Structures are given as structure tokens and as C-alpha cells.
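Step one of this worksheet: look at the structure below.
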Amino acid sequence: MNTTPQAGRSPRDRSTPRFPDGPAPDPAGSHHERRIRSFQPRRSRVTTSQEDALQRLWGQWGLDIDGRRVLGLDELFGGLPVVLEIGFGMGEATAQMAAEDPDTGILAVDVHTPGQGNLLSLAERNGLSNIRVANGDAVILLREMLPPDSLDGLRVYFPDPWPKKRHHKRRLIQPEFLSLAATRMKPGAVLHCATDWEPYAEQMLEVLSAHPGFENTQADGGYAARPDFRPLTRFEGQGLDKGHVVHDLLFRRTQN
């Protein structure tokens with residue numbers, strides 16, 4: 001097989017930005033320690049409209065998680081209370097929640113470039129000034145870039161379940177992550193998780209119930225009904241059509 005680059009084209013270095021005015025390919029670089037990550041970056045096609053949004057809007061509504069500065073959330077969101085959303089897919093649900101609650105800022109984190117572009121496009125199209133799109137590792141964002149007691153909520157909807165037993169250590173909702181998240185959430189702020197993978201839901205309920213930084217909002221200590229503010233996503237609908245059961249978990253940050 002011929003592996004020689006085509007004439008007039010040269011291989012692009014992985015560190016070179018695909019979009020010079022958009023998200024960086026590796027925003028935190030090598031100055032942070034190597035560790036097991038809960039996400040797997042996906043390579044997929046970026047449409048023309050998504051590319052246009054990334055190039056035009058990133059400087060206004062996007063930010064790279066470089067781990068080198070502490071964000072001023074009041075400045076970013078004009079004093080609005082801020083909810084962090086980790087993993088937003090293509091952004092349709094995020095945009096809907098932002099439209100229905102314009103008095104809350106949503107700091108939406110993902111590593112999926114097409115989704116970042118799509119959410120920026122949706123925000124512009126619908127006049128949603130209460131969304132900021134963050135590119136990179138949410139753990140670095142929480143640990144290095146957010147002040148203590150700064151978040152009014154945290155949303156983790158349909159994270160990768162890493163179903164194989166040998167991959168369970170990659171799941172995001174673990175005691176160590178909860179301890180970090182608790183330090184960045186205001187007392188009384190709610191952590192809202194949702195998953196259609198029942199074994200992961202059981203693990204979430206177990207580790208959240210055992211963590212001293214959180215208390216279940218449900219009197220029976222179990223799962224919650226889907227709240228009205230969480231839209232039914234296309235992904236969720238596909239799972240329901242396959243017979244999957246979706247579990248919501250709503251845990252409040254304790255006063256500790």
C-alpha cells in the first residue's frame with residue numbers, strides 16, 4: 001500500500017489546530033500528570049456550519065481547559081448562577097435548557113469538536129448568551145480552573161458507561177471525582193446524573209449515597225423521576241425504544 005502523502009498535501013501534525021481560531025487540539029498540553037481518563041476523544045466529520053461557528057464564535061463563547069488560570073465566572077456569565085455540564089454530545093439538550101432558563105449560566109464541557117461547533121451554532125441561532133463551551137478535561141477544569149464553592153449545580157447526563165469490567169475504573173462517577181466536585185459546588189447545589197446503563201446507575205447510587213459531601217434528595221434513598229428541566233434527548237429516546245431504563249440521580253451538596 002502506498003503511504004506517500006498526495007502531491008500538494010502534507011500530513012498535519014496532531015498538535016496543529018484544525019481550526020486556528022477555534023478549540024486547541026490538546027489544551028492542557030503535557031504539563032499535567034498522566035492518569036486514567038473517563039472520556040475517549042472521537043474523530044468525526046465537522047460540517048461546514050459547525051466549522052464556521054467554531055471559527056467565528058470560539059473567541060466569544062469558547063474556552064480551552066489549559067489548567068493555567070482560574071476562571072472568573074461572574075465575568076464570564078455576567079453574575080448569573082452557573083451550572084457545569086460535563087459531556088453534552090451535540091448540544092441540543094443543553095441549548096434547550098439554556099433557552100428555558102435564561103437566568104442560569106451553563107458552562108458546557110466536551111471534547112467532541114462537531115458537538116462544540118453545533119452547540120455554538122445553536123447558541124447563536126437562538127440568542128443564548130448564557131452558554132459557554134469549554135474544550136478539554138473536566139477534571140482539570142474543576143481542579144485547576146474553578147474557585148471553591150463556585151458552582152450552583154453539576155450535570156452529568158449519559159456519561160460513557162465503560163461496560164467492560166476491566167474498564168470500570170474509567171467511569172467518571174467515582175469517590176475521588178465526587179470529592180473534587182464537592183469542593184467546587186456551593187452548599188445546597190445539586191449534582192444531577194442520568195444514565196440508561198443500569199449497572200452504572202447502581203454504582204452511581206452506591207458511591208453517591210456513601211459520600212459525606214452529598215445527600216440524596218429522595219426521601220426513600222433511591223432514584224428520582226426525570227425532572228421537567230432535563231429534556232428527553234434523541235439519544236435517550238433511542239435507548240428507550242430499545243427497552244433501556246433511564247435512571248436520574250439528584251444529590252445535594254451537604255453543608256460540610
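Letters for chains follow the order of the C-alpha cells (A, B, ...), residue numbers begin at 1 for each chain, and ligand numbers begin at 1 in the order shown.
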Leu141 in chain A: which residues within 7 Å, counting only C-alpha atoms, same-chain residues fewer than 4 positions away excluded, as a count of residues only?
5
Based on DSSP run over this structure's backbone, return all residues of range 10-256 of chain A in strand (DSSP E or B), as a tab-separated table (two decimals) with C-alpha atoms, in the first residue's frame.
```tsv
chain	number	residue	atom	x	y	z
A	62	GLY	CA	-15.49	29.20	23.89
A	63	LEU	CA	-12.55	28.48	26.16
A	64	ASP	CA	-9.78	25.91	26.32
A	82	VAL	CA	-23.54	28.82	36.97
A	83	VAL	CA	-24.17	25.12	36.36
A	84	LEU	CA	-21.40	22.92	34.97
A	85	GLU	CA	-22.47	20.31	32.41
A	86	ILE	CA	-19.95	17.57	31.67
A	105	GLY	CA	-25.38	30.19	33.04
A	106	ILE	CA	-24.32	26.83	31.61
A	107	LEU	CA	-20.62	26.01	31.37
A	108	ALA	CA	-20.74	23.06	28.98
A	109	VAL	CA	-17.65	20.83	28.68
A	110	ASP	CA	-16.86	18.29	25.98
A	131	ILE	CA	-23.84	29.31	27.35
A	132	ARG	CA	-20.06	28.96	27.35
A	133	VAL	CA	-18.39	25.98	25.67
A	134	ALA	CA	-15.26	24.53	27.29
A	135	ASN	CA	-12.86	22.22	25.45
A	151	LEU	CA	-20.93	26.16	41.11
A	152	ASP	CA	-24.68	26.27	41.62
A	153	GLY	CA	-25.09	22.83	40.07
A	154	LEU	CA	-23.39	19.99	38.22
A	155	ARG	CA	-24.93	17.88	35.45
A	156	VAL	CA	-23.58	14.60	34.12
A	157	TYR	CA	-26.00	13.19	31.57
A	185	MET	CA	-20.07	23.22	44.45
A	186	LYS	CA	-21.87	25.61	46.77
A	187	PRO	CA	-23.58	24.02	49.80
A	188	GLY	CA	-27.06	23.08	48.64
A	189	ALA	CA	-26.07	22.83	44.96
A	190	VAL	CA	-27.42	19.74	43.20
A	191	LEU	CA	-25.45	17.10	41.33
A	192	HIS	CA	-27.74	15.59	38.68
A	193	CYS	CA	-26.70	12.38	36.94
A	194	ALA	CA	-28.62	10.38	34.36
A	195	THR	CA	-27.77	7.08	32.68
A	214	PHE	CA	-23.68	14.63	49.19
A	215	GLU	CA	-27.17	13.67	50.33
A	216	ASN	CA	-29.95	12.13	48.28
A	224	ALA	CA	-35.51	10.37	41.12
A	247	HIS	CA	-32.29	6.48	35.93
A	248	ASP	CA	-31.92	10.03	37.26
A	249	LEU	CA	-30.00	10.73	40.45
A	250	LEU	CA	-30.33	14.06	42.28
A	251	PHE	CA	-27.92	14.57	45.16
A	252	ARG	CA	-27.48	17.79	47.14
A	253	ARG	CA	-24.12	19.14	48.29
```
Excluding range 122-126 of chain A and any residue of its chain fewer than 5 positions from it, enumerate the residues within 12 Å of it, using only C-alpha atoms, and give them as a ChimeraX atom specification.
/A:49-50,52-54,56-58,60-62,90-100,102,106,108,115-117,131-133
Write the residues of the preceding selection, restricted to N, CA and C atoms, as an mmCIF file, in the first residue's frame.
```
data_model
loop_
_atom_site.group_PDB
_atom_site.id
_atom_site.type_symbol
_atom_site.label_atom_id
_atom_site.label_comp_id
_atom_site.auth_asym_id
_atom_site.auth_seq_id
_atom_site.Cartn_x
_atom_site.Cartn_y
_atom_site.Cartn_z
ATOM 1 N N SER A 49 -21.170 24.224 8.589
ATOM 2 C CA SER A 49 -21.780 25.156 9.547
ATOM 3 C C SER A 49 -21.112 25.061 10.917
ATOM 4 N N GLN A 50 -20.716 23.850 11.319
ATOM 5 C CA GLN A 50 -20.020 23.692 12.600
ATOM 6 C C GLN A 50 -18.644 24.352 12.538
ATOM 7 N N ASP A 52 -17.758 26.824 10.650
ATOM 8 C CA ASP A 52 -17.977 28.274 10.633
ATOM 9 C C ASP A 52 -18.220 28.802 12.042
ATOM 10 N N ALA A 53 -19.039 28.074 12.818
ATOM 11 C CA ALA A 53 -19.318 28.501 14.194
ATOM 12 C C ALA A 53 -18.062 28.450 15.052
ATOM 13 N N LEU A 54 -17.258 27.407 14.903
ATOM 14 C CA LEU A 54 -16.017 27.292 15.674
ATOM 15 C C LEU A 54 -15.071 28.455 15.365
ATOM 16 N N ARG A 56 -15.817 31.486 14.051
ATOM 17 C CA ARG A 56 -16.341 32.823 14.339
ATOM 18 C C ARG A 56 -16.651 33.058 15.810
ATOM 19 N N LEU A 57 -17.103 32.019 16.514
ATOM 20 C CA LEU A 57 -17.688 32.218 17.837
ATOM 21 C C LEU A 57 -16.811 31.743 18.988
ATOM 22 N N TRP A 58 -15.750 30.983 18.679
ATOM 23 C CA TRP A 58 -14.954 30.430 19.773
ATOM 24 C C TRP A 58 -14.342 31.522 20.646
ATOM 25 N N GLN A 60 -15.525 34.282 21.389
ATOM 26 C CA GLN A 60 -16.549 34.953 22.171
ATOM 27 C C GLN A 60 -17.136 34.050 23.245
ATOM 28 N N TRP A 61 -17.431 32.794 22.886
ATOM 29 C CA TRP A 61 -18.169 31.896 23.777
ATOM 30 C C TRP A 61 -17.434 30.609 24.117
ATOM 31 N N GLY A 62 -16.220 30.431 23.625
ATOM 32 C CA GLY A 62 -15.487 29.198 23.888
ATOM 33 C C GLY A 62 -14.259 29.444 24.745
ATOM 34 N N MET A 90 -24.129 16.577 21.080
ATOM 35 C CA MET A 90 -24.295 17.563 20.019
ATOM 36 C C MET A 90 -24.919 18.862 20.518
ATOM 37 N N GLY A 91 -25.271 18.916 21.800
ATOM 38 C CA GLY A 91 -25.660 20.179 22.403
ATOM 39 C C GLY A 91 -27.118 20.556 22.331
ATOM 40 N N GLU A 92 -27.970 19.714 21.717
ATOM 41 C CA GLU A 92 -29.377 20.093 21.591
ATOM 42 C C GLU A 92 -30.057 20.261 22.947
ATOM 43 N N ALA A 93 -29.821 19.320 23.863
ATOM 44 C CA ALA A 93 -30.448 19.406 25.189
ATOM 45 C C ALA A 93 -29.902 20.598 25.961
ATOM 46 N N THR A 94 -28.615 20.852 25.846
ATOM 47 C CA THR A 94 -28.003 21.996 26.527
ATOM 48 C C THR A 94 -28.631 23.298 26.049
ATOM 49 N N ALA A 95 -28.777 23.435 24.743
ATOM 50 C CA ALA A 95 -29.382 24.642 24.185
ATOM 51 C C ALA A 95 -30.823 24.805 24.649
ATOM 52 N N GLN A 96 -31.562 23.703 24.718
ATOM 53 C CA GLN A 96 -32.953 23.790 25.171
ATOM 54 C C GLN A 96 -33.027 24.221 26.629
ATOM 55 N N MET A 97 -32.168 23.660 27.494
ATOM 56 C CA MET A 97 -32.168 24.042 28.899
ATOM 57 C C MET A 97 -31.772 25.506 29.071
ATOM 58 N N ALA A 98 -30.814 25.962 28.265
ATOM 59 C CA ALA A 98 -30.394 27.364 28.344
ATOM 60 C C ALA A 98 -31.518 28.299 27.915
ATOM 61 N N ALA A 99 -32.263 27.900 26.888
ATOM 62 C CA ALA A 99 -33.368 28.729 26.404
ATOM 63 C C ALA A 99 -34.495 28.807 27.428
ATOM 64 N N GLU A 100 -34.748 27.703 28.118
ATOM 65 C CA GLU A 100 -35.853 27.658 29.071
ATOM 66 C C GLU A 100 -35.488 28.253 30.417
ATOM 67 N N PRO A 102 -33.024 31.225 31.084
ATOM 68 C CA PRO A 102 -32.010 32.215 30.700
ATOM 69 C C PRO A 102 -31.313 32.877 31.878
ATOM 70 N N ILE A 106 -24.732 28.224 31.795
ATOM 71 C CA ILE A 106 -24.323 26.827 31.614
ATOM 72 C C ILE A 106 -22.910 26.801 31.047
ATOM 73 N N ALA A 108 -20.586 24.380 29.577
ATOM 74 C CA ALA A 108 -20.740 23.060 28.979
ATOM 75 C C ALA A 108 -19.392 22.549 28.491
ATOM 76 N N GLY A 115 -19.672 18.497 18.132
ATOM 77 C CA GLY A 115 -20.654 18.917 19.122
ATOM 78 C C GLY A 115 -20.392 20.329 19.609
ATOM 79 N N GLN A 116 -19.114 20.684 19.792
ATOM 80 C CA GLN A 116 -18.774 22.046 20.203
ATOM 81 C C GLN A 116 -19.266 23.052 19.157
ATOM 82 N N GLY A 117 -18.992 22.761 17.894
ATOM 83 C CA GLY A 117 -19.441 23.650 16.830
ATOM 84 C C GLY A 117 -20.950 23.724 16.741
ATOM 85 N N ILE A 131 -24.606 30.541 27.584
ATOM 86 C CA ILE A 131 -23.840 29.313 27.348
ATOM 87 C C ILE A 131 -22.388 29.674 27.075
ATOM 88 N N ARG A 132 -21.467 28.916 27.705
ATOM 89 C CA ARG A 132 -20.057 28.958 27.346
ATOM 90 C C ARG A 132 -19.616 27.522 27.104
ATOM 91 N N VAL A 133 -18.818 27.319 26.074
ATOM 92 C CA VAL A 133 -18.386 25.983 25.670
ATOM 93 C C VAL A 133 -16.921 25.809 26.040
#
```
DSSP on the backbone, then: every residue of range 4-185 of chain A marked alpha helix (DSSP H), written as an MDAnalysis selection string.
chainID A and resid 48:61 73:77 92:100 113:125 138:140 175:184
Using only C-alpha atoms, can you tell me which of A:Leu208, A:Ala138, A:Ala182, A:Leu76 comes closest to Thr254 in chain A?
A:Ala182
